[in-house]
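Data block for final-v8.cif (mmCIF, N, CA and C atoms):
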```
data_structure
loop_
_atom_site.label_atom_id
_atom_site.label_comp_id
_atom_site.auth_asym_id
_atom_site.auth_seq_id
_atom_site.Cartn_x
_atom_site.Cartn_y
_atom_site.Cartn_z
N MET T 1 60.15 98.50 121.43
CA MET T 1 61.32 98.48 120.58
C MET T 1 62.51 97.96 121.36
N ASP T 2 63.31 97.12 120.77
CA ASP T 2 64.48 96.54 121.40
C ASP T 2 65.59 97.58 121.45
N THR T 3 66.07 97.90 122.65
CA THR T 3 67.10 98.93 122.78
C THR T 3 68.49 98.34 122.91
N SER T 4 68.64 97.01 122.89
CA SER T 4 69.97 96.43 123.04
C SER T 4 70.77 96.50 121.75
N VAL T 5 70.13 96.76 120.64
CA VAL T 5 70.83 96.92 119.37
C VAL T 5 70.48 98.31 118.85
N SER T 6 71.49 99.17 118.76
CA SER T 6 71.26 100.54 118.30
C SER T 6 71.17 100.58 116.79
N ARG T 7 70.48 101.58 116.28
CA ARG T 7 70.35 101.76 114.83
C ARG T 7 70.74 103.18 114.48
N LEU T 8 71.04 103.39 113.22
CA LEU T 8 71.34 104.74 112.77
C LEU T 8 70.13 105.62 112.97
N SER T 9 70.35 106.84 113.38
CA SER T 9 69.23 107.74 113.59
C SER T 9 68.78 108.41 112.32
N GLY T 10 69.55 108.31 111.26
CA GLY T 10 69.14 108.91 110.00
C GLY T 10 70.24 108.83 108.97
N GLU T 11 69.87 109.12 107.73
CA GLU T 11 70.83 109.04 106.64
C GLU T 11 71.99 110.01 106.84
N SER T 12 71.73 111.15 107.46
CA SER T 12 72.81 112.12 107.66
C SER T 12 73.90 111.54 108.54
N ASP T 13 73.56 110.72 109.53
CA ASP T 13 74.57 110.06 110.37
C ASP T 13 75.43 109.12 109.53
N LEU T 14 74.80 108.36 108.65
CA LEU T 14 75.53 107.43 107.81
C LEU T 14 76.45 108.18 106.86
N ASN T 15 75.96 109.25 106.26
CA ASN T 15 76.79 110.04 105.36
C ASN T 15 77.98 110.65 106.10
N ARG T 16 77.73 111.13 107.32
CA ARG T 16 78.81 111.70 108.11
C ARG T 16 79.84 110.63 108.46
N LEU T 17 79.39 109.45 108.81
CA LEU T 17 80.29 108.35 109.12
C LEU T 17 81.15 108.00 107.91
N ARG T 18 80.52 107.91 106.74
CA ARG T 18 81.28 107.62 105.52
C ARG T 18 82.34 108.68 105.25
N ARG T 19 81.95 109.95 105.36
CA ARG T 19 82.88 111.05 105.10
C ARG T 19 84.03 111.02 106.09
N GLU T 20 83.73 110.84 107.37
CA GLU T 20 84.79 110.86 108.37
C GLU T 20 85.69 109.64 108.25
N LEU T 21 85.16 108.49 107.87
CA LEU T 21 86.00 107.32 107.67
C LEU T 21 86.96 107.55 106.51
N ARG T 22 86.49 108.21 105.46
CA ARG T 22 87.39 108.54 104.35
C ARG T 22 88.48 109.49 104.83
N ASP T 23 88.12 110.47 105.67
CA ASP T 23 89.07 111.45 106.15
C ASP T 23 90.11 110.83 107.09
N VAL T 24 89.75 109.76 107.80
CA VAL T 24 90.67 109.15 108.75
C VAL T 24 91.93 108.67 108.06
N ASN T 25 91.79 108.05 106.92
CA ASN T 25 92.93 107.42 106.26
C ASN T 25 93.66 108.39 105.34
N GLU T 26 92.95 109.10 104.51
CA GLU T 26 93.51 110.06 103.55
C GLU T 26 94.61 109.47 102.68
N LEU T 27 94.52 108.20 102.37
CA LEU T 27 95.50 107.57 101.47
C LEU T 27 94.85 107.33 100.13
N ALA T 28 95.59 107.63 99.08
CA ALA T 28 95.08 107.37 97.74
C ALA T 28 95.27 105.90 97.40
N GLU T 29 94.37 105.36 96.63
CA GLU T 29 94.48 103.97 96.17
C GLU T 29 95.57 103.92 95.11
N HIS T 30 96.50 102.99 95.27
CA HIS T 30 97.62 102.87 94.33
C HIS T 30 97.58 101.58 93.54
N ASP T 31 96.60 100.77 93.75
CA ASP T 31 96.58 99.47 93.11
C ASP T 31 95.13 99.09 92.84
N ALA T 32 94.98 98.14 91.95
CA ALA T 32 93.66 97.61 91.67
C ALA T 32 93.50 96.31 92.44
N CYS T 33 92.39 96.14 93.03
CA CYS T 33 92.14 94.95 93.84
C CYS T 33 91.02 94.15 93.19
N ALA T 34 90.96 92.90 93.54
CA ALA T 34 89.89 92.05 93.02
C ALA T 34 89.17 91.40 94.19
N ILE T 35 87.89 91.29 94.06
CA ILE T 35 87.08 90.63 95.08
C ILE T 35 86.25 89.56 94.38
N ILE T 36 86.26 88.39 94.97
CA ILE T 36 85.42 87.30 94.47
C ILE T 36 84.40 87.02 95.56
N CYS T 37 83.17 86.87 95.16
CA CYS T 37 82.13 86.55 96.13
C CYS T 37 81.35 85.35 95.61
N ASN T 38 81.37 84.28 96.35
CA ASN T 38 80.58 83.09 96.02
C ASN T 38 79.60 82.84 97.14
N ILE T 39 78.34 82.96 96.84
CA ILE T 39 77.31 82.67 97.84
C ILE T 39 76.21 81.85 97.20
N ARG T 40 75.52 81.12 98.00
CA ARG T 40 74.34 80.38 97.53
C ARG T 40 73.13 81.28 97.73
N LYS T 41 72.25 81.28 96.77
CA LYS T 41 71.07 82.13 96.85
C LYS T 41 70.29 81.86 98.14
N GLU T 42 70.27 80.60 98.55
CA GLU T 42 69.54 80.23 99.77
C GLU T 42 70.28 80.65 101.03
N GLY T 43 71.56 81.04 100.89
CA GLY T 43 72.33 81.47 102.04
C GLY T 43 72.98 80.35 102.82
N TRP T 44 72.98 79.13 102.30
CA TRP T 44 73.57 78.00 103.00
C TRP T 44 75.06 77.93 102.72
N ALA T 45 75.82 77.62 103.74
CA ALA T 45 77.25 77.42 103.57
C ALA T 45 77.49 76.08 102.87
N SER T 46 78.52 76.02 102.05
CA SER T 46 78.87 74.76 101.42
C SER T 46 80.35 74.74 101.07
N HIS T 47 80.90 73.56 101.03
CA HIS T 47 82.29 73.41 100.62
C HIS T 47 82.44 73.81 99.15
N GLY T 48 81.38 73.67 98.37
CA GLY T 48 81.41 74.08 96.97
C GLY T 48 81.75 75.55 96.81
N ASN T 49 81.26 76.39 97.72
CA ASN T 49 81.59 77.82 97.68
C ASN T 49 83.09 78.02 97.82
N VAL T 50 83.70 77.29 98.73
CA VAL T 50 85.15 77.41 98.94
C VAL T 50 85.89 76.91 97.70
N LYS T 51 85.46 75.78 97.15
CA LYS T 51 86.12 75.24 95.96
C LYS T 51 86.03 76.21 94.78
N ARG T 52 84.87 76.80 94.55
CA ARG T 52 84.71 77.76 93.45
C ARG T 52 85.56 79.01 93.68
N THR T 53 85.67 79.44 94.91
CA THR T 53 86.49 80.61 95.22
C THR T 53 87.97 80.31 94.97
N LEU T 54 88.43 79.14 95.40
CA LEU T 54 89.83 78.76 95.15
C LEU T 54 90.11 78.68 93.66
N GLU T 55 89.18 78.14 92.89
CA GLU T 55 89.35 78.06 91.44
C GLU T 55 89.44 79.46 90.83
N ALA T 56 88.60 80.37 91.28
CA ALA T 56 88.65 81.74 90.76
C ALA T 56 89.99 82.39 91.11
N LEU T 57 90.49 82.16 92.31
CA LEU T 57 91.78 82.72 92.70
C LEU T 57 92.92 82.15 91.85
N ARG T 58 92.82 80.88 91.50
CA ARG T 58 93.85 80.28 90.64
C ARG T 58 93.89 80.98 89.28
N LYS T 59 92.76 81.48 88.83
CA LYS T 59 92.70 82.18 87.54
C LYS T 59 93.24 83.59 87.62
N MET T 60 93.49 84.07 88.83
CA MET T 60 94.02 85.42 89.03
C MET T 60 95.41 85.32 89.63
N GLY T 61 96.28 84.58 88.98
CA GLY T 61 97.62 84.36 89.50
C GLY T 61 98.39 85.62 89.83
N HIS T 62 98.19 86.66 89.02
CA HIS T 62 98.89 87.91 89.27
C HIS T 62 98.50 88.55 90.59
N ARG T 63 97.33 88.22 91.13
CA ARG T 63 96.89 88.79 92.40
C ARG T 63 97.26 87.90 93.58
N THR T 64 97.60 86.65 93.31
CA THR T 64 97.80 85.69 94.39
C THR T 64 99.25 85.31 94.62
N GLY T 65 100.18 85.96 93.94
CA GLY T 65 101.59 85.64 94.13
C GLY T 65 102.04 84.45 93.33
N ASP T 66 101.32 84.14 92.26
CA ASP T 66 101.57 82.94 91.49
C ASP T 66 102.29 83.21 90.17
N VAL T 67 102.74 84.45 89.95
CA VAL T 67 103.45 84.79 88.72
C VAL T 67 104.89 85.13 89.09
N ASN T 68 105.81 84.26 88.72
CA ASN T 68 107.23 84.45 89.05
C ASN T 68 107.45 84.73 90.54
N GLY T 69 106.60 84.13 91.35
CA GLY T 69 106.76 84.29 92.80
C GLY T 69 106.39 85.65 93.34
N GLU T 70 105.73 86.48 92.55
CA GLU T 70 105.36 87.82 93.01
C GLU T 70 103.86 88.02 92.93
N GLY T 71 103.36 88.85 93.80
CA GLY T 71 101.93 89.17 93.82
C GLY T 71 101.59 89.81 95.15
N ASP T 72 100.35 90.19 95.30
CA ASP T 72 99.91 90.87 96.52
C ASP T 72 99.50 89.90 97.62
N GLY T 73 99.29 88.65 97.26
CA GLY T 73 98.76 87.72 98.24
C GLY T 73 97.25 87.74 98.22
N CYS T 74 96.66 86.77 98.84
CA CYS T 74 95.20 86.69 98.85
C CYS T 74 94.74 85.86 100.03
N GLY T 75 93.47 85.78 100.19
CA GLY T 75 92.90 84.96 101.25
C GLY T 75 91.43 84.72 100.98
N ILE T 76 90.87 83.85 101.77
CA ILE T 76 89.44 83.56 101.69
C ILE T 76 88.82 83.91 103.02
N GLN T 77 87.75 84.63 102.96
CA GLN T 77 87.01 84.95 104.17
C GLN T 77 85.74 84.12 104.17
N THR T 78 85.57 83.35 105.20
CA THR T 78 84.37 82.52 105.31
C THR T 78 83.55 82.97 106.51
N ASP T 79 82.32 82.58 106.52
CA ASP T 79 81.43 82.94 107.60
C ASP T 79 81.80 82.18 108.87
N ILE T 80 81.74 82.84 109.98
CA ILE T 80 81.95 82.19 111.27
C ILE T 80 80.57 81.81 111.80
N PRO T 81 80.39 80.56 112.21
CA PRO T 81 79.07 80.12 112.68
C PRO T 81 78.50 81.03 113.77
N ARG T 82 77.21 81.26 113.68
CA ARG T 82 76.52 82.14 114.63
C ARG T 82 76.67 81.66 116.08
N ARG T 83 76.73 80.33 116.28
CA ARG T 83 76.86 79.84 117.66
C ARG T 83 78.20 80.26 118.27
N LEU T 84 79.27 80.37 117.42
CA LEU T 84 80.55 80.85 117.94
C LEU T 84 80.46 82.33 118.30
N TRP T 85 79.74 83.10 117.46
CA TRP T 85 79.52 84.51 117.80
C TRP T 85 78.70 84.63 119.07
N ALA T 86 77.71 83.75 119.24
CA ALA T 86 76.89 83.78 120.46
C ALA T 86 77.76 83.55 121.69
N ASP T 87 78.69 82.60 121.61
CA ASP T 87 79.62 82.35 122.73
C ASP T 87 80.46 83.59 123.00
N TYR T 88 80.97 84.21 121.94
CA TYR T 88 81.80 85.40 122.09
C TYR T 88 80.99 86.54 122.72
N LEU T 89 79.78 86.76 122.23
CA LEU T 89 78.94 87.82 122.77
C LEU T 89 78.65 87.60 124.25
N GLU T 90 78.38 86.36 124.61
CA GLU T 90 78.10 86.04 126.01
C GLU T 90 79.32 86.35 126.89
N ARG T 91 80.50 85.99 126.42
CA ARG T 91 81.72 86.29 127.19
C ARG T 91 81.94 87.80 127.31
N ALA T 92 81.46 88.55 126.31
CA ALA T 92 81.60 90.01 126.33
C ALA T 92 80.47 90.69 127.12
N GLY T 93 79.59 89.88 127.73
CA GLY T 93 78.51 90.45 128.53
C GLY T 93 77.30 90.87 127.74
N LYS T 94 77.18 90.42 126.50
CA LYS T 94 76.03 90.74 125.64
C LYS T 94 75.12 89.52 125.56
N PRO T 95 73.86 89.71 125.22
CA PRO T 95 72.97 88.55 125.08
C PRO T 95 73.32 87.69 123.87
N ARG T 96 73.27 86.37 124.05
CA ARG T 96 73.62 85.41 122.99
C ARG T 96 72.75 85.58 121.75
N TRP T 97 71.47 85.93 121.96
CA TRP T 97 70.54 85.99 120.84
C TRP T 97 70.92 87.05 119.80
N LEU T 98 71.77 88.00 120.18
CA LEU T 98 72.19 89.02 119.21
C LEU T 98 72.83 88.41 117.98
N ALA T 99 73.53 87.28 118.15
CA ALA T 99 74.19 86.63 117.01
C ALA T 99 73.19 86.18 115.95
N GLU T 100 71.95 85.95 116.34
CA GLU T 100 70.91 85.52 115.40
C GLU T 100 70.09 86.68 114.87
N ASP T 101 70.27 87.87 115.43
CA ASP T 101 69.51 89.03 114.99
C ASP T 101 69.96 89.43 113.58
N ARG T 102 69.02 89.76 112.71
CA ARG T 102 69.35 90.09 111.32
C ARG T 102 70.17 91.37 111.22
N ARG T 103 70.18 92.19 112.27
CA ARG T 103 70.96 93.43 112.25
C ARG T 103 72.40 93.22 112.72
N PHE T 104 72.72 92.03 113.21
CA PHE T 104 74.07 91.74 113.69
C PHE T 104 75.04 91.67 112.51
N PHE T 105 76.16 92.34 112.63
CA PHE T 105 77.18 92.25 111.59
C PHE T 105 78.56 92.43 112.21
N VAL T 106 79.55 92.03 111.46
CA VAL T 106 80.94 92.13 111.90
C VAL T 106 81.68 92.94 110.85
N GLY T 107 82.48 93.87 111.29
CA GLY T 107 83.29 94.67 110.38
C GLY T 107 84.76 94.41 110.62
N HIS T 108 85.54 94.60 109.59
CA HIS T 108 86.99 94.43 109.68
C HIS T 108 87.65 95.76 109.35
N LEU T 109 88.61 96.14 110.15
CA LEU T 109 89.34 97.38 109.95
C LEU T 109 90.72 97.03 109.42
N LEU T 110 90.99 97.41 108.19
CA LEU T 110 92.29 97.17 107.57
C LEU T 110 93.07 98.47 107.56
N ILE T 111 94.24 98.43 108.18
CA ILE T 111 95.07 99.63 108.28
C ILE T 111 96.33 99.41 107.46
N PRO T 112 96.63 100.34 106.54
CA PRO T 112 97.84 100.19 105.70
C PRO T 112 99.10 100.11 106.55
N CYS T 113 100.09 99.39 106.06
CA CYS T 113 101.37 99.24 106.77
C CYS T 113 101.98 100.58 107.13
N GLU T 114 101.84 101.56 106.21
CA GLU T 114 102.43 102.87 106.45
C GLU T 114 101.83 103.56 107.67
N GLN T 115 100.63 103.15 108.06
CA GLN T 115 99.93 103.76 109.19
C GLN T 115 100.03 102.93 110.47
N ARG T 116 100.90 101.93 110.45
CA ARG T 116 101.02 101.01 111.59
C ARG T 116 101.26 101.75 112.91
N ALA T 117 102.07 102.79 112.90
CA ALA T 117 102.37 103.53 114.12
C ALA T 117 101.12 104.20 114.69
N ASN T 118 100.14 104.50 113.82
CA ASN T 118 98.89 105.16 114.25
C ASN T 118 97.73 104.19 114.40
N ALA T 119 98.00 102.89 114.34
CA ALA T 119 96.92 101.90 114.29
C ALA T 119 95.93 102.03 115.44
N TRP T 120 96.41 102.15 116.66
CA TRP T 120 95.48 102.21 117.80
C TRP T 120 94.66 103.50 117.78
N ALA T 121 95.27 104.60 117.43
CA ALA T 121 94.54 105.87 117.35
C ALA T 121 93.49 105.80 116.25
N LEU T 122 93.83 105.21 115.09
CA LEU T 122 92.87 105.07 114.01
C LEU T 122 91.71 104.16 114.43
N LYS T 123 92.04 103.06 115.06
CA LYS T 123 91.00 102.13 115.53
C LYS T 123 90.06 102.84 116.51
N ASP T 124 90.62 103.56 117.48
CA ASP T 124 89.80 104.28 118.46
C ASP T 124 88.90 105.30 117.78
N ARG T 125 89.41 105.99 116.76
CA ARG T 125 88.61 107.00 116.06
C ARG T 125 87.46 106.36 115.29
N VAL T 126 87.75 105.25 114.61
CA VAL T 126 86.70 104.55 113.86
C VAL T 126 85.62 104.04 114.82
N ILE T 127 86.03 103.48 115.94
CA ILE T 127 85.05 103.01 116.94
C ILE T 127 84.19 104.16 117.42
N ALA T 128 84.82 105.30 117.71
CA ALA T 128 84.05 106.47 118.16
C ALA T 128 83.05 106.92 117.09
N LEU T 129 83.46 106.94 115.83
CA LEU T 129 82.56 107.34 114.75
C LEU T 129 81.37 106.38 114.63
N ILE T 130 81.65 105.10 114.74
CA ILE T 130 80.57 104.10 114.65
C ILE T 130 79.60 104.26 115.81
N GLN T 131 80.12 104.47 117.02
CA GLN T 131 79.24 104.67 118.17
C GLN T 131 78.45 105.97 118.05
N GLU T 132 79.09 107.03 117.55
CA GLU T 132 78.40 108.30 117.36
C GLU T 132 77.26 108.15 116.34
N ALA T 133 77.40 107.23 115.41
CA ALA T 133 76.36 106.99 114.41
C ALA T 133 75.21 106.17 114.97
N GLY T 134 75.33 105.72 116.22
CA GLY T 134 74.22 105.04 116.87
C GLY T 134 74.34 103.53 116.95
N PHE T 135 75.48 102.97 116.62
CA PHE T 135 75.66 101.53 116.70
C PHE T 135 76.18 101.15 118.09
N ASP T 136 75.79 99.98 118.54
CA ASP T 136 76.26 99.43 119.81
C ASP T 136 77.39 98.46 119.47
N LEU T 137 78.55 98.67 120.06
CA LEU T 137 79.70 97.80 119.80
C LEU T 137 79.96 96.91 121.00
#
```

Serialized structure, structure tokens:
Amino acid sequence: MDTSVSRLSGESDLNRLRRELRDVNELAEHDACAIICNIRKEGWASHGNVKRTLEALRKMGHRTGDVNGEGDGCGIQTDIPRRLWADYLERAGKPRWLAEDRRFFVGHLLIPCEQRANAWALKDRVIALIQEAGFDL
């Protein structure tokens, strides 16, 4: 068994991680958000995916700041090529092949503006919870 990539030891770890991540923030949702996902069934990247996503965002002007100059703003998240992740992993002292492993993933931590003063403490707590759940960071 490959020990360079850790896995969850059980569903209870995942449930505990979910619960504790909810407890970290303790902020109620005050707005409705929209997510658009455009992917090809085959998993291939294409400029068409970006074009379709931009078109969908144009149809949601109220979410993109396009109605009387007001809105929440928006963005597009695209995949970063695995070879760039391989370079990053190598610089971090990890094996390059991890970027091609099907268990490799990247997470994003979004911290509300109101919690900016606690950002580093929140980040450290989330990292600790993820490591306690058995993931290698």

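In this structure, atom CA of T:Val106 sits 23.7 Å away from atom CA of T:Arg52.
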
Please compute the atom CA of T:Gly107-atom CA of T:Gly43 distance, one decimal, in Å. 19.1 Å

Nearby residues (only N, CA and C atoms) at most 8 Å from T:Asn49, same-chain spacing under 3 positions excluded, as a PyMOL selection string: chain T and resi 37-40+45-46+52-55

Export, as a PDB file, keeping the file's coordinate frame, the selected residues with N, CA and C atoms.
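What landed in result.pdb:
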```pdb
ATOM      1  N   CYS T  37      83.170  86.870  95.160  1.00  0.00           N
ATOM      2  CA  CYS T  37      82.130  86.550  96.130  1.00  0.00           C
ATOM      3  C   CYS T  37      81.350  85.350  95.610  1.00  0.00           C
ATOM      4  N   ASN T  38      81.370  84.280  96.350  1.00  0.00           N
ATOM      5  CA  ASN T  38      80.580  83.090  96.020  1.00  0.00           C
ATOM      6  C   ASN T  38      79.600  82.840  97.140  1.00  0.00           C
ATOM      7  N   ILE T  39      78.340  82.960  96.840  1.00  0.00           N
ATOM      8  CA  ILE T  39      77.310  82.670  97.840  1.00  0.00           C
ATOM      9  C   ILE T  39      76.210  81.850  97.200  1.00  0.00           C
ATOM     10  N   ARG T  40      75.520  81.120  98.000  1.00  0.00           N
ATOM     11  CA  ARG T  40      74.340  80.380  97.530  1.00  0.00           C
ATOM     12  C   ARG T  40      73.130  81.280  97.730  1.00  0.00           C
ATOM     13  N   ALA T  45      75.820  77.620 103.740  1.00  0.00           N
ATOM     14  CA  ALA T  45      77.250  77.420 103.570  1.00  0.00           C
ATOM     15  C   ALA T  45      77.490  76.080 102.870  1.00  0.00           C
ATOM     16  N   SER T  46      78.520  76.020 102.050  1.00  0.00           N
ATOM     17  CA  SER T  46      78.870  74.760 101.420  1.00  0.00           C
ATOM     18  C   SER T  46      80.350  74.740 101.070  1.00  0.00           C
ATOM     19  N   ARG T  52      84.870  76.800  94.550  1.00  0.00           N
ATOM     20  CA  ARG T  52      84.710  77.760  93.450  1.00  0.00           C
ATOM     21  C   ARG T  52      85.560  79.010  93.680  1.00  0.00           C
ATOM     22  N   THR T  53      85.670  79.440  94.910  1.00  0.00           N
ATOM     23  CA  THR T  53      86.490  80.610  95.220  1.00  0.00           C
ATOM     24  C   THR T  53      87.970  80.310  94.970  1.00  0.00           C
ATOM     25  N   LEU T  54      88.430  79.140  95.400  1.00  0.00           N
ATOM     26  CA  LEU T  54      89.830  78.760  95.150  1.00  0.00           C
ATOM     27  C   LEU T  54      90.110  78.680  93.660  1.00  0.00           C
ATOM     28  N   GLU T  55      89.180  78.140  92.890  1.00  0.00           N
ATOM     29  CA  GLU T  55      89.350  78.060  91.440  1.00  0.00           C
ATOM     30  C   GLU T  55      89.440  79.460  90.830  1.00  0.00           C
TER      31      GLU T  55
END
```

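Atom pair atom CA of T:Ile127 / atom CA of T:Asp101: separated by 21.0 Å.
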
Can you list, as JSON, numbers by chain, all residues belonging to stretch 89-129 of chain T that DSSP tags as helix (DSSP H, G or I)? {"T": [89, 90, 91, 96, 97, 98, 99, 100, 113, 114, 115, 116, 117, 118, 119, 120, 121, 122, 123, 124, 125, 126, 127, 128, 129]}

What are the centre and edge lengths in Å, to one decimal, of the axis-aligned box around all listed atoms of stretch 41-54 of chain T with 5 Å added on each side, as lines of an AutoDock Vina configuration file?
```
center_x = 79.8
center_y = 77.8
center_z = 98.6
size_x = 30.6
size_y = 18.7
size_z = 20.3
```

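Distances to T:Gly75 were evaluated for T:Ile130, T:Ala56, T:Leu14, T:Ile111 using only C-alpha atoms, and the minimum falls at T:Ala56.
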
Could you name the residues that touch T:Trp97 at 8 Å or less, counting all atoms listed in the file, but leaving out those on the same chain fewer than 5 positions away, as a PDB file with N, CA and C atoms, in the coordinates of the input?
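around12.pdb written:
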```pdb
ATOM      1  N   TRP T  85      79.740  83.100 117.460  1.00  0.00           N
ATOM      2  CA  TRP T  85      79.520  84.510 117.800  1.00  0.00           C
ATOM      3  C   TRP T  85      78.700  84.630 119.070  1.00  0.00           C
ATOM      4  N   ALA T  86      77.710  83.750 119.240  1.00  0.00           N
ATOM      5  CA  ALA T  86      76.890  83.780 120.460  1.00  0.00           C
ATOM      6  C   ALA T  86      77.760  83.550 121.690  1.00  0.00           C
ATOM      7  N   ASP T  87      78.690  82.600 121.610  1.00  0.00           N
ATOM      8  CA  ASP T  87      79.620  82.350 122.730  1.00  0.00           C
ATOM      9  C   ASP T  87      80.460  83.590 123.000  1.00  0.00           C
ATOM     10  N   LEU T  89      79.780  86.760 122.230  1.00  0.00           N
ATOM     11  CA  LEU T  89      78.940  87.820 122.770  1.00  0.00           C
ATOM     12  C   LEU T  89      78.650  87.600 124.250  1.00  0.00           C
ATOM     13  N   GLU T  90      78.380  86.360 124.610  1.00  0.00           N
ATOM     14  CA  GLU T  90      78.100  86.040 126.010  1.00  0.00           C
ATOM     15  C   GLU T  90      79.320  86.350 126.890  1.00  0.00           C
ATOM     16  N   ARG T 102      69.020  89.760 112.710  1.00  0.00           N
ATOM     17  CA  ARG T 102      69.350  90.090 111.320  1.00  0.00           C
ATOM     18  C   ARG T 102      70.170  91.370 111.220  1.00  0.00           C
TER      19      ARG T 102
END
```
